[in-house]
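Visitor: File work.txt follows (compact mmCIF, N, CA and C atoms):
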```txt
# COMPACT_ATOMS: atom_id res chain seq x y z
N MET A 1 -78.92 140.88 77.51
CA MET A 1 -77.92 141.79 76.97
C MET A 1 -77.44 141.25 75.62
N HIS A 2 -77.51 142.04 74.61
CA HIS A 2 -77.08 141.63 73.28
C HIS A 2 -75.56 141.56 73.23
N ARG A 3 -75.05 140.59 72.45
CA ARG A 3 -73.61 140.38 72.41
C ARG A 3 -72.85 141.67 72.06
N SER A 4 -73.33 142.41 71.05
CA SER A 4 -72.58 143.57 70.59
C SER A 4 -72.48 144.65 71.66
N THR A 5 -73.52 144.79 72.50
CA THR A 5 -73.46 145.81 73.54
C THR A 5 -72.79 145.30 74.80
N SER A 6 -72.62 143.99 74.91
CA SER A 6 -72.03 143.47 76.14
C SER A 6 -70.54 143.18 76.03
N LEU A 7 -69.97 143.32 74.83
CA LEU A 7 -68.51 143.12 74.71
C LEU A 7 -67.72 144.12 75.54
N PRO A 8 -68.14 145.40 75.61
CA PRO A 8 -67.41 146.29 76.54
C PRO A 8 -67.51 145.81 77.99
N ASP A 9 -68.67 145.24 78.36
CA ASP A 9 -68.79 144.68 79.71
C ASP A 9 -67.82 143.53 79.91
N LEU A 10 -67.63 142.73 78.85
CA LEU A 10 -66.68 141.62 78.92
C LEU A 10 -65.27 142.16 79.15
N ALA A 11 -64.91 143.20 78.42
CA ALA A 11 -63.58 143.80 78.59
C ALA A 11 -63.40 144.32 80.01
N ASP A 12 -64.44 144.95 80.55
CA ASP A 12 -64.37 145.45 81.93
C ASP A 12 -64.20 144.30 82.92
N ALA A 13 -64.94 143.20 82.68
CA ALA A 13 -64.86 142.05 83.58
C ALA A 13 -63.47 141.44 83.55
N VAL A 14 -62.88 141.35 82.35
CA VAL A 14 -61.52 140.82 82.23
C VAL A 14 -60.54 141.72 82.97
N ALA A 15 -60.67 143.02 82.77
CA ALA A 15 -59.75 143.97 83.40
C ALA A 15 -59.83 143.93 84.92
N ALA A 16 -61.00 143.55 85.45
CA ALA A 16 -61.19 143.54 86.90
C ALA A 16 -60.59 142.31 87.58
N VAL A 17 -60.20 141.31 86.78
CA VAL A 17 -59.60 140.11 87.38
C VAL A 17 -58.15 140.43 87.75
N ALA A 18 -57.81 140.18 88.99
CA ALA A 18 -56.44 140.47 89.46
C ALA A 18 -55.43 139.65 88.67
N ALA A 19 -54.26 140.22 88.46
CA ALA A 19 -53.22 139.58 87.65
C ALA A 19 -52.90 138.17 88.14
N ASP A 20 -52.86 137.98 89.45
CA ASP A 20 -52.50 136.66 89.97
C ASP A 20 -53.64 135.65 89.86
N ARG A 21 -54.83 136.08 89.44
CA ARG A 21 -55.97 135.20 89.26
C ARG A 21 -56.30 134.95 87.79
N ARG A 22 -55.58 135.63 86.90
CA ARG A 22 -55.94 135.56 85.48
C ARG A 22 -55.74 134.17 84.88
N HIS A 23 -54.68 133.51 85.25
CA HIS A 23 -54.45 132.18 84.69
C HIS A 23 -55.54 131.22 85.15
N ALA A 24 -55.87 131.25 86.44
CA ALA A 24 -56.91 130.37 86.97
C ALA A 24 -58.26 130.67 86.32
N ALA A 25 -58.55 131.96 86.11
CA ALA A 25 -59.80 132.33 85.44
C ALA A 25 -59.81 131.82 84.01
N GLY A 26 -58.67 131.91 83.34
CA GLY A 26 -58.56 131.40 81.97
C GLY A 26 -58.77 129.90 81.90
N VAL A 27 -58.22 129.17 82.85
CA VAL A 27 -58.40 127.71 82.90
C VAL A 27 -59.88 127.38 83.06
N THR A 28 -60.56 128.10 83.94
CA THR A 28 -62.00 127.87 84.15
C THR A 28 -62.79 128.13 82.88
N LEU A 29 -62.47 129.23 82.19
CA LEU A 29 -63.18 129.56 80.95
C LEU A 29 -62.93 128.51 79.88
N VAL A 30 -61.70 128.05 79.76
CA VAL A 30 -61.37 127.03 78.76
C VAL A 30 -62.09 125.72 79.09
N ALA A 31 -62.08 125.34 80.35
CA ALA A 31 -62.77 124.10 80.75
C ALA A 31 -64.24 124.18 80.40
N GLY A 32 -64.85 125.33 80.67
CA GLY A 32 -66.26 125.51 80.33
C GLY A 32 -66.51 125.47 78.84
N ALA A 33 -65.60 126.08 78.07
CA ALA A 33 -65.75 126.08 76.61
C ALA A 33 -65.65 124.67 76.05
N LEU A 34 -64.69 123.90 76.56
CA LEU A 34 -64.54 122.52 76.09
C LEU A 34 -65.77 121.68 76.45
N ASP A 35 -66.30 121.90 77.66
CA ASP A 35 -67.50 121.18 78.08
C ASP A 35 -68.70 121.54 77.21
N ARG A 36 -68.85 122.82 76.92
CA ARG A 36 -69.99 123.26 76.11
C ARG A 36 -69.89 122.74 74.69
N ALA A 37 -68.68 122.72 74.15
CA ALA A 37 -68.53 122.24 72.77
C ALA A 37 -68.83 120.74 72.69
N ALA A 38 -68.46 119.99 73.73
CA ALA A 38 -68.76 118.56 73.82
C ALA A 38 -68.51 117.84 72.50
N ASP A 39 -67.35 118.09 71.92
CA ASP A 39 -66.99 117.50 70.64
C ASP A 39 -65.92 116.44 70.87
N PRO A 40 -66.16 115.19 70.47
CA PRO A 40 -65.16 114.14 70.70
C PRO A 40 -63.80 114.46 70.08
N ARG A 41 -63.79 115.34 69.06
CA ARG A 41 -62.51 115.72 68.44
C ARG A 41 -61.66 116.52 69.41
N LEU A 42 -62.25 117.00 70.49
CA LEU A 42 -61.51 117.81 71.47
C LEU A 42 -61.05 117.01 72.67
N ASP A 43 -61.27 115.70 72.65
CA ASP A 43 -60.91 114.88 73.81
C ASP A 43 -59.45 115.04 74.22
N ASP A 44 -58.55 115.10 73.25
CA ASP A 44 -57.12 115.27 73.57
C ASP A 44 -56.85 116.60 74.25
N ALA A 45 -57.71 117.59 74.01
CA ALA A 45 -57.51 118.90 74.62
C ALA A 45 -57.64 118.84 76.13
N GLY A 46 -58.40 117.86 76.62
CA GLY A 46 -58.53 117.71 78.07
C GLY A 46 -57.20 117.43 78.73
N GLU A 47 -56.36 116.64 78.06
CA GLU A 47 -55.02 116.35 78.60
C GLU A 47 -54.17 117.62 78.62
N VAL A 48 -54.28 118.42 77.57
CA VAL A 48 -53.53 119.68 77.51
C VAL A 48 -53.98 120.61 78.63
N LEU A 49 -55.29 120.63 78.86
CA LEU A 49 -55.82 121.49 79.92
C LEU A 49 -55.33 121.04 81.29
N LEU A 50 -55.32 119.74 81.53
CA LEU A 50 -54.80 119.24 82.80
C LEU A 50 -53.33 119.62 82.97
N ASP A 51 -52.58 119.50 81.90
CA ASP A 51 -51.17 119.87 81.93
C ASP A 51 -51.02 121.36 82.23
N GLU A 52 -51.89 122.15 81.62
CA GLU A 52 -51.83 123.60 81.84
C GLU A 52 -52.19 123.95 83.28
N ARG A 53 -53.05 123.17 83.89
CA ARG A 53 -53.38 123.39 85.31
C ARG A 53 -52.19 123.06 86.19
N ARG A 54 -51.50 121.98 85.84
CA ARG A 54 -50.36 121.54 86.68
C ARG A 54 -49.15 122.46 86.51
N ALA A 55 -48.86 122.82 85.28
CA ALA A 55 -47.65 123.60 85.01
C ALA A 55 -47.95 124.70 84.01
N PRO A 56 -48.54 125.81 84.50
CA PRO A 56 -48.89 126.89 83.57
C PRO A 56 -47.66 127.49 82.92
N GLY A 57 -47.84 127.88 81.67
CA GLY A 57 -46.74 128.54 80.97
C GLY A 57 -46.82 128.33 79.48
N SER A 58 -45.97 129.03 78.79
CA SER A 58 -45.96 128.97 77.34
C SER A 58 -45.17 127.75 76.87
N ARG A 59 -45.81 126.93 76.07
CA ARG A 59 -45.14 125.79 75.45
C ARG A 59 -45.32 125.94 73.94
N ARG A 60 -44.31 126.48 73.30
CA ARG A 60 -44.42 126.86 71.90
C ARG A 60 -44.88 125.72 70.99
N GLY A 61 -44.32 124.55 71.16
CA GLY A 61 -44.68 123.42 70.31
C GLY A 61 -46.15 123.06 70.44
N GLU A 62 -46.65 123.04 71.67
CA GLU A 62 -48.07 122.72 71.90
C GLU A 62 -48.95 123.81 71.33
N ALA A 63 -48.53 125.06 71.48
CA ALA A 63 -49.32 126.17 70.94
C ALA A 63 -49.43 126.06 69.42
N HIS A 64 -48.32 125.72 68.75
CA HIS A 64 -48.37 125.56 67.29
C HIS A 64 -49.28 124.42 66.89
N ARG A 65 -49.23 123.32 67.63
CA ARG A 65 -50.08 122.17 67.32
C ARG A 65 -51.56 122.55 67.48
N LEU A 66 -51.87 123.26 68.56
CA LEU A 66 -53.25 123.69 68.78
C LEU A 66 -53.72 124.66 67.69
N ALA A 67 -52.84 125.56 67.30
CA ALA A 67 -53.21 126.52 66.24
C ALA A 67 -53.53 125.79 64.95
N ALA A 68 -52.76 124.77 64.62
CA ALA A 68 -53.03 123.98 63.41
C ALA A 68 -54.36 123.25 63.53
N ALA A 69 -54.65 122.73 64.71
CA ALA A 69 -55.91 122.02 64.92
C ALA A 69 -57.09 122.98 64.81
N VAL A 70 -56.93 124.19 65.33
CA VAL A 70 -57.98 125.21 65.22
C VAL A 70 -58.25 125.50 63.75
N GLU A 71 -57.19 125.69 62.98
CA GLU A 71 -57.33 125.98 61.55
C GLU A 71 -58.07 124.85 60.83
N HIS A 72 -57.71 123.61 61.16
CA HIS A 72 -58.36 122.45 60.55
C HIS A 72 -59.85 122.40 60.88
N LEU A 73 -60.18 122.60 62.16
CA LEU A 73 -61.59 122.58 62.59
C LEU A 73 -62.37 123.72 61.94
N ASP A 74 -61.75 124.88 61.85
CA ASP A 74 -62.42 126.04 61.27
C ASP A 74 -62.73 125.80 59.78
N ARG A 75 -61.75 125.26 59.05
CA ARG A 75 -61.98 124.97 57.63
C ARG A 75 -63.07 123.92 57.45
N ALA A 76 -63.05 122.91 58.31
CA ALA A 76 -64.07 121.86 58.23
C ALA A 76 -65.46 122.43 58.50
N ALA A 77 -65.55 123.34 59.47
CA ALA A 77 -66.84 123.97 59.78
C ALA A 77 -67.36 124.76 58.59
N HIS A 78 -66.48 125.50 57.95
CA HIS A 78 -66.91 126.31 56.80
C HIS A 78 -67.28 125.44 55.60
N ARG A 79 -66.64 124.29 55.47
CA ARG A 79 -67.05 123.33 54.42
C ARG A 79 -68.47 122.84 54.69
N CYS A 80 -68.78 122.59 55.95
CA CYS A 80 -70.14 122.17 56.32
C CYS A 80 -71.15 123.23 55.93
N ARG A 81 -70.80 124.48 56.18
CA ARG A 81 -71.74 125.56 55.84
C ARG A 81 -71.97 125.63 54.34
N ARG A 82 -70.89 125.51 53.58
CA ARG A 82 -71.03 125.52 52.11
C ARG A 82 -71.88 124.36 51.61
N ASP A 83 -71.80 123.23 52.33
CA ASP A 83 -72.58 122.05 51.94
C ASP A 83 -74.01 122.08 52.46
N GLY A 84 -74.38 123.15 53.16
CA GLY A 84 -75.73 123.28 53.68
C GLY A 84 -75.96 122.58 55.01
N ASP A 85 -74.89 122.10 55.64
CA ASP A 85 -75.00 121.41 56.93
C ASP A 85 -74.85 122.43 58.05
N HIS A 86 -75.96 123.06 58.41
CA HIS A 86 -75.89 124.14 59.41
C HIS A 86 -75.49 123.60 60.78
N THR A 87 -76.03 122.45 61.15
CA THR A 87 -75.69 121.86 62.45
C THR A 87 -74.20 121.55 62.52
N GLY A 88 -73.68 120.94 61.44
CA GLY A 88 -72.25 120.64 61.38
C GLY A 88 -71.41 121.90 61.48
N TYR A 89 -71.89 122.97 60.85
CA TYR A 89 -71.17 124.24 60.90
C TYR A 89 -71.11 124.77 62.33
N VAL A 90 -72.26 124.79 63.00
CA VAL A 90 -72.31 125.33 64.37
C VAL A 90 -71.43 124.50 65.30
N LEU A 91 -71.53 123.17 65.21
CA LEU A 91 -70.72 122.31 66.07
C LEU A 91 -69.23 122.48 65.79
N GLY A 92 -68.89 122.55 64.51
CA GLY A 92 -67.49 122.73 64.14
C GLY A 92 -66.96 124.08 64.58
N PHE A 93 -67.79 125.11 64.43
CA PHE A 93 -67.41 126.46 64.85
C PHE A 93 -67.15 126.48 66.36
N GLN A 94 -68.07 125.88 67.13
CA GLN A 94 -67.88 125.85 68.58
C GLN A 94 -66.60 125.11 68.95
N ALA A 95 -66.34 123.99 68.28
CA ALA A 95 -65.12 123.22 68.58
C ALA A 95 -63.88 124.04 68.28
N ALA A 96 -63.88 124.73 67.14
CA ALA A 96 -62.72 125.56 66.78
C ALA A 96 -62.51 126.67 67.79
N ARG A 97 -63.57 127.29 68.23
CA ARG A 97 -63.44 128.40 69.19
C ARG A 97 -62.97 127.88 70.56
N ALA A 98 -63.49 126.72 70.98
CA ALA A 98 -63.05 126.16 72.26
C ALA A 98 -61.56 125.85 72.23
N LEU A 99 -61.11 125.27 71.12
CA LEU A 99 -59.70 124.94 70.98
C LEU A 99 -58.86 126.21 70.86
N SER A 100 -59.42 127.23 70.24
CA SER A 100 -58.71 128.50 70.13
C SER A 100 -58.50 129.13 71.50
N ALA A 101 -59.51 129.02 72.38
CA ALA A 101 -59.35 129.53 73.75
C ALA A 101 -58.22 128.80 74.45
N LEU A 102 -58.15 127.48 74.26
CA LEU A 102 -57.06 126.70 74.86
C LEU A 102 -55.71 127.11 74.28
N HIS A 103 -55.69 127.36 72.98
CA HIS A 103 -54.45 127.81 72.33
C HIS A 103 -53.92 129.08 72.98
N PHE A 104 -54.80 130.07 73.19
CA PHE A 104 -54.36 131.33 73.81
C PHE A 104 -53.88 131.11 75.24
N LEU A 105 -54.57 130.23 75.96
CA LEU A 105 -54.17 129.97 77.34
C LEU A 105 -52.79 129.32 77.39
N VAL A 106 -52.57 128.34 76.52
CA VAL A 106 -51.27 127.65 76.49
C VAL A 106 -50.17 128.59 76.03
N ARG A 107 -50.48 129.37 75.00
CA ARG A 107 -49.45 130.25 74.42
C ARG A 107 -49.09 131.41 75.34
N ASP A 108 -50.11 132.06 75.91
CA ASP A 108 -49.88 133.32 76.62
C ASP A 108 -50.25 133.28 78.10
N GLY A 109 -50.79 132.16 78.57
CA GLY A 109 -51.19 132.10 79.98
C GLY A 109 -52.23 133.13 80.33
N GLY A 110 -52.15 133.66 81.52
CA GLY A 110 -53.12 134.64 81.98
C GLY A 110 -53.09 135.94 81.22
N ALA A 111 -51.98 136.23 80.55
CA ALA A 111 -51.88 137.48 79.80
C ALA A 111 -52.89 137.53 78.66
N ALA A 112 -53.37 136.37 78.22
CA ALA A 112 -54.30 136.31 77.11
C ALA A 112 -55.75 136.14 77.58
N LEU A 113 -56.05 136.52 78.82
CA LEU A 113 -57.39 136.29 79.35
C LEU A 113 -58.47 136.93 78.48
N ALA A 114 -58.19 138.10 77.93
CA ALA A 114 -59.20 138.75 77.07
C ALA A 114 -59.50 137.89 75.84
N ASP A 115 -58.47 137.31 75.23
CA ASP A 115 -58.67 136.45 74.06
C ASP A 115 -59.39 135.16 74.45
N VAL A 116 -58.99 134.57 75.57
CA VAL A 116 -59.64 133.36 76.06
C VAL A 116 -61.12 133.63 76.31
N ALA A 117 -61.42 134.78 76.95
CA ALA A 117 -62.81 135.13 77.27
C ALA A 117 -63.63 135.33 76.00
N TYR A 118 -63.05 136.01 75.01
CA TYR A 118 -63.79 136.25 73.76
C TYR A 118 -64.10 134.93 73.07
N GLU A 119 -63.14 134.02 73.01
CA GLU A 119 -63.38 132.72 72.37
C GLU A 119 -64.42 131.92 73.14
N ALA A 120 -64.40 132.03 74.47
CA ALA A 120 -65.41 131.35 75.29
C ALA A 120 -66.80 131.92 75.00
N VAL A 121 -66.88 133.22 74.77
CA VAL A 121 -68.16 133.84 74.39
C VAL A 121 -68.64 133.26 73.06
N MET A 122 -67.75 133.06 72.12
CA MET A 122 -68.14 132.50 70.83
C MET A 122 -68.72 131.09 70.99
N VAL A 123 -68.20 130.33 71.95
CA VAL A 123 -68.73 128.99 72.20
C VAL A 123 -70.11 129.09 72.85
N CYS A 124 -70.23 130.01 73.83
CA CYS A 124 -71.50 130.14 74.56
C CYS A 124 -72.59 130.79 73.72
N GLY A 125 -72.21 131.66 72.81
CA GLY A 125 -73.20 132.42 72.06
C GLY A 125 -73.73 133.61 72.82
N ALA A 126 -73.18 133.89 73.98
CA ALA A 126 -73.58 135.03 74.80
C ALA A 126 -72.46 135.37 75.76
N THR A 127 -72.44 136.61 76.20
CA THR A 127 -71.37 137.03 77.11
C THR A 127 -71.67 136.73 78.57
N GLU A 128 -72.95 136.65 78.93
CA GLU A 128 -73.33 136.58 80.34
C GLU A 128 -72.68 135.42 81.10
N PRO A 129 -72.68 134.19 80.55
CA PRO A 129 -72.05 133.10 81.31
C PRO A 129 -70.56 133.32 81.53
N VAL A 130 -69.90 133.91 80.54
CA VAL A 130 -68.46 134.16 80.65
C VAL A 130 -68.19 135.26 81.67
N ILE A 131 -68.98 136.32 81.63
CA ILE A 131 -68.82 137.40 82.61
C ILE A 131 -69.04 136.85 84.02
N ALA A 132 -70.04 135.98 84.18
CA ALA A 132 -70.30 135.40 85.50
C ALA A 132 -69.07 134.62 86.00
N GLU A 133 -68.43 133.87 85.13
CA GLU A 133 -67.21 133.14 85.52
C GLU A 133 -66.09 134.11 85.90
N LEU A 134 -65.96 135.19 85.13
CA LEU A 134 -64.90 136.17 85.42
C LEU A 134 -65.17 136.87 86.75
N VAL A 135 -66.42 137.20 87.01
CA VAL A 135 -66.75 137.84 88.29
C VAL A 135 -66.41 136.89 89.43
N GLY A 136 -66.69 135.60 89.25
CA GLY A 136 -66.31 134.61 90.25
C GLY A 136 -64.81 134.52 90.40
N GLY A 137 -64.07 134.73 89.31
CA GLY A 137 -62.62 134.67 89.32
C GLY A 137 -61.97 135.82 90.07
N ARG A 138 -62.72 136.88 90.33
CA ARG A 138 -62.17 138.03 91.05
C ARG A 138 -62.09 137.76 92.55
N ARG A 139 -62.84 136.74 92.98
CA ARG A 139 -62.91 136.50 94.43
C ARG A 139 -61.78 135.62 94.89
```
Represent the structure contained in this file as structure tokens.
Guide:
Amino acid sequence: MHRSTSLPDLADAVAAVAADRRHAAGVTLVAGALDRAADPRLDDAGEVLLDERRAPGSRRGEAHRLAAAVEHLDRAAHRCRRDGDHTGYVLGFQAARALSALHFLVRDGGAALADVAYEAVMVCGATEPVIAELVGGRR
């Protein structure tokens, strides 16, 4: 399934996750995105994710810090692309997207599941693995 035609499927999968399961599904997607990115610059994000598992909710200060880190990673990735470092660009892009998914989870909790899922798709490069996680989250 091509990404452009499967985004509506992603929206449907998100919508099918029960409200009381959305936060847990978001945590799973973020954990997967961080694992896939496998970027040492994201090591501190693991602590934030553990904290989010223990005490879900909006923490404005942490959300702002994550947003700044996303911006920094994104700019660094685009610098790599301008310098002709395609591998650096892809790795930096994945790291920025993984951290962005965490940012939405911390800022909005389960209410941001659609944003978390989209960012997880950007890390995976395809919707299918993310949809599979969401389908599992419905159970």
Visitor: Pick out the residues sitting within 8 Å of Glu119 (chain A), and hand them over as a short mmCIF file (atom, residue, chain, number, x, y, z; two decimals) with N, CA and C atoms, in the coordinates of the input; count only C-alpha atoms, and ignore anything fewer than 2 positions along from it in its own chain.
Guide:
```cif
data_model
loop_
_atom_site.label_atom_id
_atom_site.label_comp_id
_atom_site.auth_asym_id
_atom_site.auth_seq_id
_atom_site.Cartn_x
_atom_site.Cartn_y
_atom_site.Cartn_z
N ARG A 97 -63.57 127.29 68.23
CA ARG A 97 -63.44 128.40 69.19
C ARG A 97 -62.97 127.88 70.56
N ALA A 98 -63.49 126.72 70.98
CA ALA A 98 -63.05 126.16 72.26
C ALA A 98 -61.56 125.85 72.23
N SER A 100 -59.42 127.23 70.24
CA SER A 100 -58.71 128.50 70.13
C SER A 100 -58.50 129.13 71.50
N ALA A 101 -59.51 129.02 72.38
CA ALA A 101 -59.35 129.53 73.75
C ALA A 101 -58.22 128.80 74.45
N ASP A 115 -58.47 137.31 75.23
CA ASP A 115 -58.67 136.45 74.06
C ASP A 115 -59.39 135.16 74.45
N VAL A 116 -58.99 134.57 75.57
CA VAL A 116 -59.64 133.36 76.06
C VAL A 116 -61.12 133.63 76.31
N ALA A 117 -61.42 134.78 76.95
CA ALA A 117 -62.81 135.13 77.27
C ALA A 117 -63.63 135.33 76.00
N VAL A 121 -66.88 133.22 74.77
CA VAL A 121 -68.16 133.84 74.39
C VAL A 121 -68.64 133.26 73.06
N MET A 122 -67.75 133.06 72.12
CA MET A 122 -68.14 132.50 70.83
C MET A 122 -68.72 131.09 70.99
N VAL A 123 -68.20 130.33 71.95
CA VAL A 123 -68.73 128.99 72.20
C VAL A 123 -70.11 129.09 72.85
#
```
Visitor: Give me, please, the distance in Å between atom C of Val14 (chain A) and CA of Glu62 (chain A), quoted to one decimal.
Guide: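 Between atom C of Val14 (chain A) and CA of Glu62 (chain A) the gap is 25.3 Å.
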Visitor: Taking all atoms listed in the file into account, produce a table as a tab-separated table in which each residue of region 75-111 of chain A with an atom at most 8 Å from an atom of region 30-44 of chain A appears once, together with its shortest atom pair and the distance in Å to one decimal, ordered by chain and rising number.
Guide:
```
residue	atom	partner	partner_atom	distance
A:Leu91	C	A:Ala37	CA	7.0
A:Phe93	C	A:Ala37	CA	7.8
A:Gln94	C	A:Ala37	CA	5.2
A:Ala95	N	A:Ala37	CA	5.3
A:Ala96	N	A:Ala37	CA	7.7
A:Arg97	C	A:Ala33	CA	6.9
A:Ala98	CA	A:Ala33	C	4.8
A:Leu99	N	A:Leu34	CA	6.6
A:Ala101	C	A:Val30	CA	5.6
A:Leu102	N	A:Val30	CA	5.6
A:Leu105	CA	A:Val30	CA	7.9
```
Visitor: Would you mind reading off the distance between CA of Cys124 (chain A) and atom C of Val70 (chain A), one decimal, in Å?
Guide: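 Computing it gives 17.7 Å between the two atoms.
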Visitor: What is the distance, in Å and to one decimal place, between atom N of Ser58 (chain A) and atom C of Val106 (chain A)?
Guide: 5.0 Å
Visitor: Please identify all polymer residues within 10 Å of His72 (chain A), counting only C-alpha atoms, omitting same-chain residues fewer than 5 positions from it, and present them as an mmCIF file with N, CA and C atoms, keeping the file's coordinate frame.
Guide:
```cif
data_model
loop_
_atom_site.group_PDB
_atom_site.id
_atom_site.type_symbol
_atom_site.label_atom_id
_atom_site.label_comp_id
_atom_site.auth_asym_id
_atom_site.auth_seq_id
_atom_site.Cartn_x
_atom_site.Cartn_y
_atom_site.Cartn_z
ATOM 1 N N LEU A 66 -51.870 123.260 68.560
ATOM 2 C CA LEU A 66 -53.250 123.690 68.780
ATOM 3 C C LEU A 66 -53.720 124.660 67.690
ATOM 4 N N ALA A 67 -52.840 125.560 67.300
ATOM 5 C CA ALA A 67 -53.210 126.520 66.240
ATOM 6 C C ALA A 67 -53.530 125.790 64.950
ATOM 7 N N ALA A 77 -65.550 123.340 59.470
ATOM 8 C CA ALA A 77 -66.840 123.970 59.780
ATOM 9 C C ALA A 77 -67.360 124.760 58.590
ATOM 10 N N GLY A 92 -68.890 122.550 64.510
ATOM 11 C CA GLY A 92 -67.490 122.730 64.140
ATOM 12 C C GLY A 92 -66.960 124.080 64.580
ATOM 13 N N ALA A 96 -63.880 124.730 67.140
ATOM 14 C CA ALA A 96 -62.720 125.560 66.780
ATOM 15 C C ALA A 96 -62.510 126.670 67.790
#
```
Visitor: Mind checking which residues fall within 8 Å of Glu133 (chain A), counting all atoms listed in the file, ignoring those fewer than 6 positions away in the same chain, and posting them as number ranges by chain?
Guide: A: 25, 28-29, 127
Visitor: Rank A:Arg107, A:Ala126, A:Tyr89, A:Ile131 by their smallest atom-to-atom distance to Arg60 (chain A), using all atoms listed in the file, and report the top residue only.
Guide: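 Counting all atoms listed in the file, the residue closest to Arg60 (chain A) is A:Arg107.
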Visitor: List every residue of region 52-126 of chain A that DSSP, applied to the backbone of this structure, assigns to alpha helix (DSSP H), and report them as JSON, numbers by chain.
Guide: {"A": [52, 53, 54, 60, 61, 62, 63, 64, 65, 66, 67, 68, 69, 70, 71, 72, 73, 74, 75, 76, 77, 78, 79, 80, 81, 82, 86, 87, 88, 89, 90, 91, 92, 93, 94, 95, 96, 97, 98, 99, 100, 101, 102, 103, 104, 105, 106, 107, 108, 113, 114, 115, 116, 117, 118, 119, 120, 121, 122, 123, 124]}
Visitor: So, with only N, CA and C atoms as the atoms that count, which of A:Gly110, A:Ala132, A:Val90, A:Ala120 lies closest to Ala19 (chain A)?
Guide: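 Once distances to Ala19 (chain A) are computed over only N, CA and C atoms, the minimum belongs to A:Gly110.
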